[in-house]
Structure formats: C-alpha cells, structure tokens
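File shown here: run_30.tsv, holding TSV, C-alpha atoms.
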```tsv
chain	number	residue	atom	x	y	z
A	47	MET	CA	239.48	130.22	114.88
A	48	THR	CA	241.40	127.15	115.95
A	49	THR	CA	239.34	126.24	119.01
A	50	THR	CA	238.40	122.60	119.39
A	51	VAL	CA	235.67	123.13	121.97
A	52	ASP	CA	232.52	121.25	120.98
A	53	TYR	CA	230.07	123.58	119.23
A	54	TYR	CA	227.10	122.22	121.18
A	55	GLU	CA	228.92	122.86	124.45
A	56	LEU	CA	229.70	126.41	123.34
A	57	LEU	CA	225.99	127.05	122.72
A	58	GLU	CA	225.03	125.13	125.88
A	59	CYS	CA	222.66	122.94	123.86
A	60	GLU	CA	221.98	119.25	123.52
A	61	ARG	CA	223.02	117.58	120.27
A	62	THR	CA	219.34	116.91	119.60
A	63	ALA	CA	218.36	120.60	119.85
A	64	ASP	CA	216.16	121.84	117.00
A	65	ALA	CA	216.76	125.01	114.97
A	66	GLY	CA	214.62	127.13	117.30
A	67	ALA	CA	216.49	126.02	120.41
A	68	LEU	CA	219.85	126.68	118.74
A	69	LYS	CA	218.79	130.16	117.71
A	70	ALA	CA	217.48	131.02	121.18
A	71	ALA	CA	220.68	129.79	122.81
A	72	TYR	CA	222.83	131.76	120.38
A	73	ARG	CA	220.92	135.00	120.92
A	74	LYS	CA	221.17	134.65	124.68
A	75	LEU	CA	224.93	134.10	124.62
A	76	ALA	CA	225.56	136.69	121.91
A	77	MET	CA	223.82	139.32	124.04
A	78	LYS	CA	225.85	138.24	127.06
A	79	TYR	CA	229.28	138.35	125.42
A	80	HIS	CA	228.76	141.08	122.82
A	81	PRO	CA	231.79	143.43	122.72
A	82	ASP	CA	229.55	146.47	123.06
A	83	LYS	CA	228.49	145.21	126.50
A	84	ASN	CA	231.98	144.11	127.50
A	85	ALA	CA	234.19	146.89	126.23
A	86	GLY	CA	237.88	146.00	126.29
A	87	CYS	CA	237.33	142.46	127.61
A	88	GLN	CA	239.28	140.14	125.34
A	89	THR	CA	237.83	137.05	126.99
A	90	SER	CA	234.26	138.13	126.19
A	91	GLU	CA	235.24	139.05	122.63
A	92	ALA	CA	236.83	135.63	122.11
A	93	LYS	CA	233.76	133.95	123.58
A	94	PHE	CA	231.49	135.99	121.30
A	95	LYS	CA	233.47	134.94	118.22
A	96	ALA	CA	233.47	131.29	119.30
A	97	VAL	CA	229.71	131.30	119.90
A	98	SER	CA	229.11	133.01	116.54
A	99	GLU	CA	231.28	130.45	114.74
A	100	ALA	CA	229.44	127.56	116.39
A	101	TYR	CA	226.03	128.95	115.43
A	102	GLU	CA	227.11	129.66	111.83
A	103	VAL	CA	227.92	125.97	111.46
A	104	LEU	CA	225.03	124.41	113.36
A	105	LYS	CA	222.27	126.58	111.87
A	106	ASP	CA	223.10	125.22	108.40
A	107	PRO	CA	221.66	121.67	108.00
A	108	GLN	CA	224.48	120.54	105.69
A	109	LYS	CA	227.25	121.96	107.85
A	110	ARG	CA	225.63	120.54	110.96
A	111	ALA	CA	225.38	117.08	109.39
A	112	ALA	CA	229.06	117.22	108.44
A	113	TYR	CA	230.03	118.41	111.92
A	114	ASP	CA	227.96	115.73	113.63
A	115	ARG	CA	229.77	113.11	111.58
A	116	PHE	CA	233.34	114.40	111.34
A	117	GLY	CA	233.57	117.05	114.07
A	118	HIS	CA	235.97	119.95	113.48
A	119	ALA	CA	237.86	117.86	110.93
A	120	ALA	CA	234.99	118.46	108.52
A	121	PHE	CA	236.11	122.08	108.15
A	122	GLN	CA	239.87	121.67	108.08
A	123	ASN	CA	241.91	121.77	104.87
A	124	GLY	CA	238.86	122.19	102.69
A	125	GLY	CA	236.98	119.36	104.36
A	126	GLY	CA	239.31	116.39	104.11
A	127	GLY	CA	242.11	117.25	101.76
A	128	GLY	CA	240.24	117.99	98.57
A	129	GLY	CA	240.52	121.76	98.91
A	130	ALA	CA	238.69	123.69	96.25
A	131	GLN	CA	239.84	121.66	93.29
A	132	ASP	CA	237.37	120.87	90.52
A	133	PHE	CA	236.60	117.20	89.98
A	134	GLY	CA	234.18	117.87	87.08
A	135	GLY	CA	232.13	115.14	85.39
A	136	PHE	CA	229.56	113.48	87.61
A	137	SER	CA	229.92	116.14	90.30
A	138	ASP	CA	228.85	118.89	87.89
A	139	ILE	CA	225.85	116.87	86.75
A	140	PHE	CA	224.90	116.22	90.37
A	141	GLU	CA	225.13	119.93	91.13
A	142	SER	CA	223.00	120.92	88.17
A	143	VAL	CA	220.22	118.54	89.20
A	144	PHE	CA	220.33	118.75	92.99
A	145	GLY	CA	222.25	121.96	93.69
A	146	GLU	CA	219.16	124.01	94.48
A	147	PHE	CA	218.03	121.50	97.09
A	148	MET	CA	221.48	121.00	98.59
A	149	GLY	CA	222.20	124.46	99.89
A	150	GLY	CA	220.78	126.85	97.31
A	151	GLN	CA	224.00	127.13	95.27
A	152	GLN	CA	223.96	128.92	91.98
A	153	ARG	CA	225.41	127.44	88.81
A	154	GLY	CA	228.24	129.95	88.91
A	155	GLY	CA	229.50	128.44	92.14
A	156	ARG	CA	228.64	130.83	94.94
A	157	GLN	CA	225.81	130.06	97.28
A	158	ALA	CA	222.69	132.10	96.68
A	159	ALA	CA	222.00	134.86	99.19
A	160	ARG	CA	220.16	133.33	102.11
A	161	ARG	CA	216.80	134.94	102.71
A	162	GLY	CA	216.02	136.08	106.24
A	163	ALA	CA	213.83	133.94	108.48
A	164	ASP	CA	210.05	134.33	108.61
A	165	LEU	CA	208.60	135.40	111.96
A	166	ARG	CA	205.30	134.70	113.72
A	167	TYR	CA	203.24	137.08	115.84
A	168	ASP	CA	200.06	135.99	117.71
A	169	MET	CA	197.34	138.62	118.11
A	170	GLU	CA	194.14	138.29	120.16
A	171	ILE	CA	191.05	140.21	119.06
A	172	SER	CA	187.42	140.37	120.16
A	173	LEU	CA	184.50	139.08	118.10
A	174	GLU	CA	183.41	142.69	117.59
A	175	GLU	CA	186.84	143.53	116.15
A	176	ALA	CA	186.62	140.47	113.90
A	177	PHE	CA	183.23	141.77	112.72
A	178	HIS	CA	184.24	145.37	112.03
A	179	GLY	CA	187.98	144.95	111.37
A	180	LYS	CA	190.55	147.18	113.02
A	181	GLN	CA	193.71	149.21	112.47
A	182	THR	CA	196.37	148.68	115.11
A	183	ASP	CA	200.12	148.89	115.72
A	184	ILE	CA	202.32	146.07	116.98
A	185	THR	CA	205.87	146.11	118.31
A	186	VAL	CA	208.29	143.33	117.37
A	187	ASP	CA	211.99	142.67	117.99
A	188	VAL	CA	213.70	141.60	114.76
A	189	SER	CA	217.06	141.46	113.06
A	190	ALA	CA	216.96	144.45	110.72
A	191	GLN	CA	219.35	145.59	108.02
A	192	CYS	CA	222.27	147.53	109.46
A	193	GLY	CA	221.86	151.20	108.68
A	194	THR	CA	225.59	151.90	108.86
A	195	CYS	CA	226.78	149.48	106.18
A	196	HIS	CA	223.39	149.04	104.48
A	197	GLY	CA	223.55	145.29	104.95
A	198	LYS	CA	226.96	144.76	103.31
A	199	GLY	CA	228.75	143.90	106.55
A	200	ALA	CA	231.85	145.91	105.69
A	201	ARG	CA	232.89	149.17	107.30
A	202	PRO	CA	231.71	152.09	105.15
A	203	GLY	CA	234.41	153.05	102.66
A	204	THR	CA	235.94	149.56	102.57
A	205	SER	CA	235.30	146.63	100.25
A	206	VAL	CA	235.06	142.86	100.54
A	207	LYS	CA	237.79	140.47	99.41
A	208	THR	CA	237.80	137.09	97.72
A	209	CYS	CA	237.78	134.17	100.13
A	210	GLN	CA	241.18	132.46	100.11
A	211	GLN	CA	239.75	129.14	101.28
A	212	CYS	CA	237.53	128.57	98.24
A	213	ASN	CA	239.10	131.12	95.86
A	214	GLY	CA	235.77	132.87	95.50
A	215	HIS	CA	233.83	129.77	94.43
A	216	GLY	CA	231.76	129.72	97.61
A	217	LYS	CA	232.15	125.97	97.94
A	218	VAL	CA	234.78	123.36	98.64
A	219	ARG	CA	235.02	119.78	97.44
A	220	ALA	CA	236.63	116.74	98.94
A	221	GLN	CA	236.98	113.20	97.64
A	222	GLN	CA	236.04	110.39	99.98
A	223	GLY	CA	236.70	107.06	98.34
A	224	PHE	CA	234.73	106.97	95.10
A	225	PHE	CA	232.55	109.92	96.02
A	226	VAL	CA	232.98	113.66	95.72
A	227	VAL	CA	231.51	115.65	98.60
A	228	GLU	CA	230.74	119.27	97.94
A	229	ARG	CA	229.55	121.81	100.48
A	230	ALA	CA	229.45	125.52	101.17
A	231	CYS	CA	232.79	126.97	102.15
A	232	PRO	CA	232.94	127.00	105.97
A	233	VAL	CA	235.07	130.14	106.01
A	234	CYS	CA	232.92	132.48	103.92
A	235	GLY	CA	229.62	130.62	104.38
A	236	GLY	CA	229.22	130.13	100.63
A	237	SER	CA	229.40	133.78	99.63
A	238	GLY	CA	232.89	133.53	98.13
A	239	GLU	CA	233.82	136.78	99.84
A	240	MET	CA	235.49	137.83	103.06
A	241	ILE	CA	235.17	141.04	105.00
A	242	ALA	CA	238.57	142.35	106.01
A	243	ASP	CA	237.23	145.32	107.96
A	244	PRO	CA	233.80	144.49	109.46
A	245	CYS	CA	231.21	147.15	110.13
A	246	PRO	CA	231.56	148.26	113.78
A	247	ASP	CA	227.80	148.23	114.36
A	248	CYS	CA	226.83	144.80	113.01
A	249	ARG	CA	230.22	143.03	113.29
A	250	GLY	CA	230.07	141.98	109.66
A	251	GLU	CA	226.62	140.40	109.84
A	252	GLY	CA	224.91	143.14	107.88
A	253	ARG	CA	222.04	143.17	110.37
A	254	VAL	CA	221.36	144.34	113.91
A	255	GLU	CA	218.70	143.70	116.54
A	256	LYS	CA	216.00	146.34	116.38
A	257	THR	CA	212.55	147.06	117.80
A	258	LYS	CA	210.06	147.92	115.07
A	259	THR	CA	206.53	149.31	115.25
A	260	LEU	CA	204.35	148.06	112.41
A	261	ALA	CA	200.84	149.04	111.31
A	262	VAL	CA	198.45	146.11	110.91
A	263	ASN	CA	195.16	146.15	109.03
A	264	VAL	CA	192.74	143.49	110.28
A	265	PRO	CA	189.96	143.21	107.64
A	266	PRO	CA	186.30	142.56	108.59
A	267	GLY	CA	185.31	138.91	108.69
A	268	VAL	CA	188.55	137.36	109.95
A	269	ASP	CA	188.26	134.12	111.88
A	270	GLU	CA	190.26	132.07	114.37
A	271	GLY	CA	193.60	131.17	112.77
A	272	THR	CA	193.39	133.74	109.99
A	273	ARG	CA	196.93	134.63	108.92
A	274	ILE	CA	198.00	138.12	107.85
A	275	ARG	CA	201.29	138.41	105.96
A	276	LEU	CA	203.50	141.48	106.19
A	277	GLY	CA	205.96	141.01	103.35
A	278	GLY	CA	209.58	141.86	104.07
A	279	GLU	CA	208.98	142.53	107.77
A	280	GLY	CA	210.66	139.35	109.03
A	281	GLU	CA	214.34	138.97	109.86
A	282	ALA	CA	216.81	140.66	107.54
A	283	GLY	CA	219.00	138.37	105.47
A	284	ALA	CA	222.72	138.26	106.19
A	285	ARG	CA	224.90	140.71	104.24
A	286	GLY	CA	222.14	142.29	102.20
A	287	ALA	CA	220.12	139.14	101.46
A	288	PRO	CA	216.34	139.65	101.16
A	289	PRO	CA	214.36	139.77	104.43
A	290	GLY	CA	211.80	137.20	105.48
A	291	ASP	CA	208.12	137.87	106.12
A	292	LEU	CA	206.13	138.44	109.30
A	293	TYR	CA	203.00	136.33	109.72
A	294	ILE	CA	200.33	137.48	112.16
A	295	PHE	CA	198.07	134.70	113.45
A	296	LEU	CA	194.71	135.91	114.79
A	297	HIS	CA	192.94	134.43	117.80
A	298	VAL	CA	189.31	135.46	118.44
A	299	LYS	CA	188.25	135.69	122.09
A	300	ARG	CA	185.16	133.86	123.30
A	301	HIS	CA	181.99	135.99	123.24
A	302	ASN	CA	179.47	136.02	126.09
A	303	LEU	CA	176.44	135.92	123.76
A	304	PHE	CA	177.38	134.66	120.30
A	305	GLU	CA	179.05	131.53	119.03
A	306	ARG	CA	180.46	131.41	115.55
A	307	ASP	CA	180.68	128.86	112.75
A	308	GLY	CA	182.22	130.46	109.66
A	309	THR	CA	179.98	133.40	108.80
A	310	THR	CA	177.04	132.13	110.87
A	311	LEU	CA	176.40	133.51	114.34
A	312	PHE	CA	174.50	131.44	116.91
A	313	ALA	CA	172.70	132.72	120.01
A	314	ARG	CA	170.49	131.07	122.62
A	315	ALA	CA	167.45	133.09	123.71
A	316	PRO	CA	165.40	132.11	126.79
A	317	VAL	CA	161.69	133.02	126.48
A	318	SER	CA	158.86	132.72	128.96
A	319	PHE	CA	156.38	129.91	128.45
A	320	THR	CA	153.56	132.41	127.99
A	321	THR	CA	155.47	134.16	125.17
A	322	ALA	CA	156.20	130.79	123.63
A	323	ALA	CA	152.51	129.89	123.82
A	324	LEU	CA	151.11	133.23	122.64
A	325	GLY	CA	153.91	134.36	120.32
A	326	GLY	CA	155.87	137.59	120.42
A	327	THR	CA	159.06	139.30	119.30
A	328	LEU	CA	162.70	138.79	120.29
A	329	HIS	CA	165.06	141.77	120.32
A	330	ILE	CA	168.66	140.60	119.72
A	331	PRO	CA	171.49	143.20	119.82
A	332	GLY	CA	173.75	142.66	116.80
A	333	LEU	CA	177.50	143.09	116.51
A	334	ASP	CA	176.83	145.86	113.99
A	335	GLY	CA	175.19	147.98	116.72
A	336	THR	CA	171.62	147.49	115.51
A	337	THR	CA	168.87	145.51	117.23
A	338	HIS	CA	167.44	142.62	115.25
A	339	GLU	CA	163.72	141.87	115.74
A	340	ILE	CA	162.84	138.21	115.35
A	341	SER	CA	159.19	137.15	115.38
A	342	LEU	CA	158.17	134.18	117.53
A	343	PRO	CA	155.21	132.24	116.20
A	344	ALA	CA	152.60	131.16	118.75
A	345	GLY	CA	153.24	127.69	120.14
A	346	ILE	CA	156.98	127.65	119.40
A	347	GLN	CA	158.82	124.79	121.09
A	348	SER	CA	162.05	124.83	123.04
A	349	GLY	CA	165.04	124.11	120.79
A	350	LYS	CA	163.46	125.62	117.69
A	351	GLN	CA	165.92	127.68	115.63
A	352	LEU	CA	164.98	130.92	113.90
A	353	ARG	CA	167.18	132.40	111.18
A	354	GLN	CA	167.77	136.06	110.39
A	355	ARG	CA	169.33	136.36	106.94
A	356	GLY	CA	172.37	138.63	106.53
A	357	ALA	CA	172.74	139.37	110.24
A	358	GLY	CA	175.84	137.19	110.76
A	359	MET	CA	179.56	137.76	110.18
A	360	PRO	CA	180.72	139.58	107.04
A	361	VAL	CA	182.35	137.52	104.31
A	362	LEU	CA	186.13	137.95	104.46
A	363	GLN	CA	187.33	139.92	101.43
A	364	GLY	CA	183.93	139.47	99.82
A	365	ARG	CA	180.41	140.80	99.74
A	366	GLY	CA	177.47	140.12	102.00
A	367	ALA	CA	177.25	138.42	105.36
A	368	GLY	CA	176.18	135.18	106.93
A	369	ASP	CA	173.07	134.56	109.02
A	370	LEU	CA	172.11	134.96	112.65
A	371	VAL	CA	170.56	131.79	114.08
A	372	VAL	CA	168.65	132.11	117.36
A	373	GLN	CA	167.75	128.98	119.29
A	374	VAL	CA	164.67	129.36	121.47
A	375	GLU	CA	164.81	127.93	124.98
A	376	VAL	CA	161.43	127.99	126.74
A	377	GLU	CA	161.92	128.81	130.40
A	378	THR	CA	159.59	127.36	133.04
A	379	PRO	CA	158.80	129.89	135.78
A	380	THR	CA	160.23	129.07	139.20
A	381	LYS	CA	158.78	131.97	141.23
A	382	LEU	CA	155.03	132.48	140.96
A	383	SER	CA	152.84	134.92	142.81
A	384	ILE	CA	149.61	133.71	144.41
A	385	ARG	CA	147.56	135.28	141.62
A	386	GLN	CA	149.72	133.68	138.92
A	387	ARG	CA	149.37	130.28	140.55
A	388	GLU	CA	145.58	130.71	140.72
A	389	LEU	CA	145.44	131.59	137.02
A	390	LEU	CA	147.55	128.57	136.11
A	391	GLU	CA	145.34	126.31	138.20
A	392	MET	CA	142.31	127.68	136.35
A	393	PHE	CA	144.06	127.05	133.05
A	394	ARG	CA	144.90	123.47	134.02
A	395	GLU	CA	141.24	122.81	134.86
A	396	THR	CA	140.29	123.79	131.32
A	397	GLU	CA	142.92	121.59	129.63
A	398	THR	CA	141.61	118.92	127.29
A	399	GLY	CA	144.97	117.50	126.19
A	400	ASP	CA	144.72	118.97	122.71
A	401	GLU	CA	146.83	121.95	123.80
A	402	CYS	CA	149.96	119.80	123.97
A	403	PRO	CA	149.62	117.06	121.33
A	404	ALA	CA	153.17	115.79	121.79
A	405	SER	CA	152.71	114.96	125.48
A	406	GLN	CA	149.21	113.58	124.83
A	407	GLY	CA	150.54	111.29	122.15
A	408	PHE	CA	153.40	110.15	124.39
A	409	PHE	CA	151.15	109.11	127.26
A	410	ALA	CA	148.76	107.41	124.86
A	411	LYS	CA	151.66	105.28	123.55
A	412	LEU	CA	152.81	104.62	127.10
A	413	LYS	CA	149.34	103.22	128.02
A	414	LYS	CA	149.45	100.88	125.06
A	415	VAL	CA	152.86	99.59	126.08
A	416	VAL	CA	151.73	99.00	129.66
A	417	ALA	CA	148.54	97.27	128.46
A	418	GLY	CA	150.82	95.01	126.50
```

For this file, produce the structure as structure tokens.
Amino acid sequence: MTTTVDYYELLECERTADAGALKAAYRKLAMKYHPDKNAGCQTSEAKFKAVSEAYEVLKDPQKRAAYDRFGHAAFQNGGGGGGAQDFGGFSDIFESVFGEFMGGQQRGGRQAARRGADLRYDMEISLEEAFHGKQTDITVDVSAQCGTCHGKGARPGTSVKTCQQCNGHGKVRAQQGFFVVERACPVCGGSGEMIADPCPDCRGEGRVEKTKTLAVNVPPGVDEGTRIRLGGEGEAGARGAPPGDLYIFLHVKRHNLFERDGTTLFARAPVSFTTAALGGTLHIPGLDGTTHEISLPAGIQSGKQLRQRGAGMPVLQGRGAGDLVVQVEVETPTKLSIRQRELLEMFRETETGDECPASQGFFAKLKKVVAG
C-alpha cells in the first residue's frame, strides 16, 4: 500500500499504547471492516488492508521502533536506500551473536516462524473443588489454524512466491553513516515469501477466529494462583507457525467455615463454658464428607488450638494431606433461665479462687502494685 496515514491513527490508538491495547484495537477494527461483513464494499476492504498493514508493523517491536523514528520512510526502498544488498563483515558477526535476540532470525537469512501468543484464562473454584479436584469444560475465543489452507495462507492448489523486496532473504539492510541497520523485510514480514493468491477464508494469515471448547483437569490440592498449562491451545502462529499455550489461573472462593494456609485448614469452634470446663468432643464436618471428632480436655481455655493430623488439604501432585487446626473460642452465655442462674450463683458461693488460677494470680499482682 502507498497510504501515508499515520498507523496509530489508523488503529485509533495513542503512540504510547502497549501491545495489548494495539491488539484489542486491531481486532475491533478488523471485525468492523472485514470483507466478509462488507461484501462488495471497496472502501471497507481498503480500510481492512490499511488496518492490517498498520498492525503488522506496530506489533513487531523492531518495526515499531523504526516507524516511531523514521515514519513510513523506514519501509521505503528497503529502509533507506540500502535495499537487500549484503554488507558482510561486521554485520554478519553482529547477526551471529545477536540475531536471535533481534527478531529471531535464522542464520540462513529468513526470520524464524513466529510462535503464536500465549493466552490467559481465569477460573474460579470452590474450596471443595480445590480439595477433590474437578473435570470441567471451558470455552475460549482464539485464533486457530485455518482449516482451508492448513495454516499456509495460500489458496488451496496454489503456492507461495519469493518476496521481490528482499529476494527471499527475509531481511533488508540499509547503511546509515558508519552503521549497517538490518531488519525483517516489511513486505513479507521476514518470511522471504509472498502469497500471490491468499486463502479466501483467512486472507493469507493462515489463521481464523474460532470458539473452542477445551477439557480441563483440575487436580486435588490446587491453591489460589495455581496455573494449569494447556500446551498448544493458545493462538495459532501465522502461516503455519507453532501455536502458543493457554494458561489457566485458578482462584479459590472464600469458604464460610475454613481458612487455608498451604495444606493446613483452620476453623474456629465456639464451645460453651460448661463444655470448656468439663471437657467434651467437637464434631467438625470435613471437606472429604466425613465428620472429624476432636476431644476437648477439661479446663481448655479460649484461643487454644487443637490439631487433627491428615485432615487438611491434600498435597498437590503428591501423597498425604495437611492438618486441620481448630481454635477453641469459649462462649459466655447471654441468656440464662432462672434455674441456670440459681445454679451459677450456688457455684460462685463455693469458689475458692483455685478454679481459675490465671485470674487469681492477676488480681494478686494487681494488689501488690496498688500497695506499692
């Protein structure tokens, strides 16, 4: 194309937009002006091509840096007059050392196939599901390999041609003063090839937007932030390049009884003051469906923690389980019957102070302080 409209204006983005904002803007406009939705409209088709060209440049960090500095002139005449000529010497050494980090170019010249982008999916599960694990299906919208051209980008039955801009090298070089600047060919994107007859379904991209349903296995013992990787289920790479991965981030909902720290489960259990004084048994329903019986020794104090071994969360991808820790909270009665009050009054009359040594010791210390 020969348009000189600013690429950022075409994508309706600020020049400071990050990669995610650029991608979102491109997808929105591509859907709006796609030829399939605007059949026979040459204006929409031209707009679609212009938007696609702008995104192809700005999504590549090297191309974007060149565009930000030189504008459209960065991609005219091989990037400043150097064309695709070979300067050799220092440039070859530079490529051999830094080529992999400066665009993923192979030693043979062409840019390596660009892997598809990784995707993220956030899934919320209950603590019970984190305990037992679960099998579930998710639905995601991704760029998948085009089934018509099998990712090649060319209409079935046709072949690709050598790029005339870079003569199949996949890169162009230009001399600026004493320096040689080398970058991926802006015409073929570094592939060294051109598609004369694009696939009608993917428009030469080799990939199309698709809704996929994927099976997910959540193993027992997962925690907040656990990441599950589905290899090859991310976005498809352009023109047959390998796909990216899909990462599922798990978020565990708050439970109304248990709190969790790793494999340890915590619960607070209110008990009556008579049970605390005389002893008894707590019955705690576990996430595994069983009821755990925890013995309370006589005279247990509020805040005391009791531990049940192996009754906590299972170890992720391992054996065994953590513990269940129950914190006792002695509850003082607020509604007493007449008979209960009479019995408590009788009990208070028999108190000697030895029943509650902590309070007796406190008041003894307090008397000494007051006496000075």

Surrounding residues of Thr337 in chain A excluding itself and chain neighbours under 3 positions, 12 Å, all atoms listed in the file, as a ChimeraX atom specification:
/A:327-334,340,354,357,370

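Relative to CA of Leu362 in chain A, CA of Val268 in chain A is found at 6.0 Å.
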
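Take the candidates A:Val264, A:Ala200, A:Val361, A:Leu324 and check each one against Ala344 in chain A using only C-alpha atoms; the shortest distance goes to A:Leu324.
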
List every protein, DNA or RNA residue that has at least one atom no more than 6 Å from (216.0, 144.9, 108.7) in the file's coordinates, counting only C-alpha atoms, and write the result as JSON, numbers by chain.
{"A": [189, 190, 191, 282]}

Restricting the calculation to all atoms listed in the file: of A:Val188, A:Glu377, A:Pro232, A:Glu239, which residue gets closest to Asn213 in chain A?
A:Glu239

Which residues, protein or nucleic acid, reach to within 8 Å of (188.1, 141.9, 115.0) in the file's coordinates when using only C-alpha atoms, and can you give that as a ChimeraX atom specification?
/A:171-180,264-268,298

Find the residues around Asp164 in chain A up to 12 Å (all atoms listed in the file counted), leave out those fewer than 2 positions away in its own chain, and share them as a list of chain:residue names.
A:Arg161, A:Gly162, A:Arg166, A:Tyr167, A:Val188, A:Ser189, A:Arg275, A:Leu276, A:Gly277, A:Gly278, A:Glu279, A:Gly280, A:Glu281, A:Ala282, A:Gly283, A:Pro288, A:Pro289, A:Gly290, A:Asp291, A:Leu292, A:Tyr293, A:Ile294

List as JSON, numbers by chain the protein and nucleic acid residues near Ala65 in chain A, meaning an atom at most 12 Å away when all atoms listed in the file are counted, but skip any in the same chain fewer than 6 places from it.
{"A": [59, 71, 72, 101, 102, 103, 104, 105, 106, 107, 110, 163]}

In Å, with one decimal, what is the gap from CA of Gln181 in chain A to CA of Asn263 in chain A?
4.8 Å

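Proximity of A:Thr62, A:Glu339, A:Gln373, A:Lys413 to Leu303 in chain A, computed with only C-alpha atoms, is greatest for A:Gln373.
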
Range 77-92 of chain A surroundings by all atoms listed in the file, 10 Å radius, close-in-sequence under 4 positions cut, as an MDAnalysis selection string
chainID A and resid 47 72:73 96:98 246:247 249

Out of A:Gly117, A:Asp369, A:Ser237, A:Ile184, which residue has the shortest atom-to-atom distance to Val51 in chain A when counting all atoms listed in the file?
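Closest to Val51 in chain A of all the choices is A:Gly117.
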
Output range 66-83 of chain A as a PDB file, in the frame of the given file, making sure N, CA and C atoms are there.
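rebuild-v8.pdb was written with the following content:
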```pdb
ATOM      1  N   GLY A  66     215.100 126.078 116.417  1.00  0.00           N
ATOM      2  CA  GLY A  66     214.620 127.130 117.300  1.00  0.00           C
ATOM      3  C   GLY A  66     215.402 127.210 118.596  1.00  0.00           C
ATOM      4  N   ALA A  67     215.724 126.048 119.166  1.00  0.00           N
ATOM      5  CA  ALA A  67     216.490 126.020 120.410  1.00  0.00           C
ATOM      6  C   ALA A  67     217.909 126.533 120.197  1.00  0.00           C
ATOM      7  N   LEU A  68     218.506 126.190 119.059  1.00  0.00           N
ATOM      8  CA  LEU A  68     219.850 126.680 118.740  1.00  0.00           C
ATOM      9  C   LEU A  68     219.861 128.197 118.619  1.00  0.00           C
ATOM     10  N   LYS A  69     218.854 128.709 117.930  1.00  0.00           N
ATOM     11  CA  LYS A  69     218.790 130.160 117.710  1.00  0.00           C
ATOM     12  C   LYS A  69     218.598 130.902 119.025  1.00  0.00           C
ATOM     13  N   ALA A  70     217.722 130.367 119.890  1.00  0.00           N
ATOM     14  CA  ALA A  70     217.480 131.020 121.180  1.00  0.00           C
ATOM     15  C   ALA A  70     218.739 131.007 122.042  1.00  0.00           C
ATOM     16  N   ALA A  71     219.456 129.885 122.023  1.00  0.00           N
ATOM     17  CA  ALA A  71     220.680 129.790 122.810  1.00  0.00           C
ATOM     18  C   ALA A  71     221.739 130.762 122.302  1.00  0.00           C
ATOM     19  N   TYR A  72     221.845 130.853 120.971  1.00  0.00           N
ATOM     20  CA  TYR A  72     222.830 131.760 120.380  1.00  0.00           C
ATOM     21  C   TYR A  72     222.526 133.219 120.745  1.00  0.00           C
ATOM     22  N   ARG A  73     221.290 133.605 120.624  1.00  0.00           N
ATOM     23  CA  ARG A  73     220.920 135.000 120.920  1.00  0.00           C
ATOM     24  C   ARG A  73     221.216 135.350 122.381  1.00  0.00           C
ATOM     25  N   LYS A  74     220.926 134.407 123.266  1.00  0.00           N
ATOM     26  CA  LYS A  74     221.170 134.650 124.680  1.00  0.00           C
ATOM     27  C   LYS A  74     222.657 134.860 124.955  1.00  0.00           C
ATOM     28  N   LEU A  75     223.496 133.996 124.377  1.00  0.00           N
ATOM     29  CA  LEU A  75     224.930 134.100 124.620  1.00  0.00           C
ATOM     30  C   LEU A  75     225.545 135.291 123.883  1.00  0.00           C
ATOM     31  N   ALA A  76     225.034 135.561 122.674  1.00  0.00           N
ATOM     32  CA  ALA A  76     225.560 136.690 121.910  1.00  0.00           C
ATOM     33  C   ALA A  76     225.301 138.012 122.647  1.00  0.00           C
ATOM     34  N   MET A  77     224.127 138.122 123.253  1.00  0.00           N
ATOM     35  CA  MET A  77     223.820 139.320 124.040  1.00  0.00           C
ATOM     36  C   MET A  77     224.729 139.411 125.261  1.00  0.00           C
ATOM     37  N   LYS A  78     225.034 138.264 125.848  1.00  0.00           N
ATOM     38  CA  LYS A  78     225.850 138.240 127.060  1.00  0.00           C
ATOM     39  C   LYS A  78     227.288 138.633 126.789  1.00  0.00           C
ATOM     40  N   TYR A  79     227.862 138.137 125.690  1.00  0.00           N
ATOM     41  CA  TYR A  79     229.280 138.350 125.420  1.00  0.00           C
ATOM     42  C   TYR A  79     229.554 139.394 124.335  1.00  0.00           C
ATOM     43  N   HIS A  80     228.549 140.109 123.880  1.00  0.00           N
ATOM     44  CA  HIS A  80     228.760 141.080 122.820  1.00  0.00           C
ATOM     45  C   HIS A  80     229.786 142.136 123.248  1.00  0.00           C
ATOM     46  N   PRO A  81     230.738 142.457 122.359  1.00  0.00           N
ATOM     47  CA  PRO A  81     231.790 143.430 122.720  1.00  0.00           C
ATOM     48  C   PRO A  81     231.261 144.772 123.177  1.00  0.00           C
ATOM     49  N   ASP A  82     230.102 145.173 122.652  1.00  0.00           N
ATOM     50  CA  ASP A  82     229.550 146.470 123.060  1.00  0.00           C
ATOM     51  C   ASP A  82     229.160 146.472 124.541  1.00  0.00           C
ATOM     52  N   LYS A  83     228.855 145.312 125.085  1.00  0.00           N
ATOM     53  CA  LYS A  83     228.490 145.210 126.500  1.00  0.00           C
ATOM     54  C   LYS A  83     229.676 144.854 127.375  1.00  0.00           C
TER      55      LYS A  83
END
```
